[in-house]
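Let me begin by presenting the structure, written as structure tokens, before commenting on it.
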Amino acid sequence: MPYSLLADAVLLLHFAVLLFVLGGLLVVPLGVWRGWRWVRSFGFRLSHLAAIAFVVLQTWLGQHCPLTVWENSLRQQAGQMGLAGETGYGERTFIAHWLHRLMFFEAPLWVFGLAYSAFGLAVLWAWWRWPPRR
């Protein structure tokens, strides 16, 4: 399988994780209101909390997301990215171009740390407000 397809697969996985983290917080109050029992599932809530905790901890430690590092390595092996990380529109696949536009932003690391920490606190608040059930 070509490296560019593997890189796209990792990017799609990364996007799915992002949707799980963002969507998880949105479906908890909606699900409680609508009577969806699965939103109070301990396994779902614990995995959601663990996912955002991992993101927050990584940001505080100044580390890059392992999925981003893996994707970049695959893109480099596919010849879609230089050693310094530069890339162009013509060198990426259609999927990579649009998902990167949706997922990645240029900002100082502290901005991401603040945003992720605030989101993590919102997840903790939801855990307290609508606790999971065993």
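Each chain of the structure tokens is named A, B, ... in the order shown, its residues numbered from 1; ligands are numbered from 1 in display order.
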For this session: Might you pull out every residue within 10 Å of Met103 (chain A), with only C-alpha atoms counted and same-chain residues fewer than 5 positions away left off, and present them as a ChimeraX atom specification?
Result: /A:11,14-15,18,98
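Each of A:Val39, A:Tyr3, A:Val55, A:Val17 was compared to Ala118 (chain A) using only C-alpha atoms, and A:Val55 turns out to be the nearest.
Using only C-alpha atoms for every distance, the candidate list A:Leu74, A:Leu109, A:Leu46, A:Val123 yields A:Leu74 as the residue closest to Leu5 (chain A).
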Shell around Pro131 (chain A) at 9 Å using only C-alpha atoms, local window under 6 positions removed, as a PDB file with N, CA and C atoms, in the first residue's frame:
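Listed below is the output, out.pdb:
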```pdb
ATOM      1  N   ARG A  40     -24.583   7.747  29.397  1.00  0.00           N
ATOM      2  CA  ARG A  40     -24.138   7.639  30.787  1.00  0.00           C
ATOM      3  C   ARG A  40     -23.348   6.361  31.029  1.00  0.00           C
ATOM      4  N   PHE A  42     -20.412   4.044  31.630  1.00  0.00           N
ATOM      5  CA  PHE A  42     -19.119   4.318  32.262  1.00  0.00           C
ATOM      6  C   PHE A  42     -17.971   4.168  31.270  1.00  0.00           C
ATOM      7  N   ARG A  45     -17.934   7.213  28.836  1.00  0.00           N
ATOM      8  CA  ARG A  45     -17.529   8.449  29.515  1.00  0.00           C
ATOM      9  C   ARG A  45     -16.064   8.401  29.928  1.00  0.00           C
TER      10      ARG A  45
END
```
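If you measure from each of A:Ala78, A:Cys65, A:Val21, A:Ala107 to Ala50 (chain A) using only C-alpha atoms, the closest one turns out to be A:Val21.
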Exercise. What is the CA of Gln63 (chain A) to CA of Val111 (chain A) distance in Å?
Worked result: 14.2 Å
Exercise. Suppose you want the space between CA of Glu71 (chain A) and CA of Ala96 (chain A); what is it in Å?
Worked result: 10.1 Å
Hey, what does DSSP flag as alpha helix (DSSP H) within region 28-76 of chain A? Can you give it to me as an mmCIF file with C-alpha atoms, in the first residue's frame?
```
data_model
loop_
_atom_site.group_PDB
_atom_site.id
_atom_site.type_symbol
_atom_site.label_atom_id
_atom_site.label_comp_id
_atom_site.auth_asym_id
_atom_site.auth_seq_id
_atom_site.Cartn_x
_atom_site.Cartn_y
_atom_site.Cartn_z
ATOM 1 C CA VAL A 28 -23.884 13.926 26.820
ATOM 2 C CA PRO A 29 -26.352 16.726 27.691
ATOM 3 C CA LEU A 30 -28.393 16.021 24.545
ATOM 4 C CA GLY A 31 -28.500 12.317 25.361
ATOM 5 C CA VAL A 32 -29.466 12.903 28.980
ATOM 6 C CA TRP A 33 -32.274 15.195 27.822
ATOM 7 C CA ARG A 34 -33.429 12.682 25.175
ATOM 8 C CA PHE A 42 -19.119 4.318 32.262
ATOM 9 C CA GLY A 43 -16.972 2.933 29.442
ATOM 10 C CA PHE A 44 -17.995 5.666 26.997
ATOM 11 C CA ARG A 45 -17.529 8.449 29.515
ATOM 12 C CA LEU A 46 -14.189 7.118 30.792
ATOM 13 C CA SER A 47 -12.775 6.740 27.288
ATOM 14 C CA HIS A 48 -13.956 10.259 26.442
ATOM 15 C CA LEU A 49 -12.356 11.695 29.575
ATOM 16 C CA ALA A 50 -9.134 9.763 28.923
ATOM 17 C CA ALA A 51 -8.961 11.040 25.332
ATOM 18 C CA ILE A 52 -9.165 14.719 26.284
ATOM 19 C CA ALA A 53 -6.860 14.178 29.284
ATOM 20 C CA PHE A 54 -4.247 12.717 26.913
ATOM 21 C CA VAL A 55 -4.551 15.740 24.598
ATOM 22 C CA VAL A 56 -4.271 18.206 27.491
ATOM 23 C CA LEU A 57 -1.274 16.423 29.028
ATOM 24 C CA GLN A 58 0.536 16.260 25.702
ATOM 25 C CA THR A 59 0.000 19.957 25.129
ATOM 26 C CA TRP A 60 1.253 20.842 28.608
ATOM 27 C CA PRO A 66 1.421 10.886 17.920
ATOM 28 C CA LEU A 67 -1.111 10.631 15.091
ATOM 29 C CA THR A 68 0.230 13.846 13.555
ATOM 30 C CA VAL A 69 3.813 12.628 13.911
ATOM 31 C CA TRP A 70 2.892 9.278 12.337
ATOM 32 C CA GLU A 71 1.033 10.921 9.456
ATOM 33 C CA ASN A 72 3.914 13.334 8.794
ATOM 34 C CA SER A 73 6.383 10.452 8.763
ATOM 35 C CA LEU A 74 4.277 8.582 6.216
ATOM 36 C CA ARG A 75 3.901 11.716 4.074
ATOM 37 C CA GLN A 76 7.650 12.215 4.177
#
```
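Distance check against Tyr116 (chain A) using only C-alpha atoms: of A:Leu22, A:Leu12, A:Pro132, A:Thr93, the minimum falls on A:Leu22.
For the atom pair formed by CA of Pro2 (chain A) and CA of Glu106 (chain A), the distance is 28.6 Å, given to one decimal.
In terms of minimum interatomic distance to Gly113 (chain A), A:Leu61 ranks closest within A:Leu19, A:Ile95, A:Ala126, A:Leu61, counting only C-alpha atoms.
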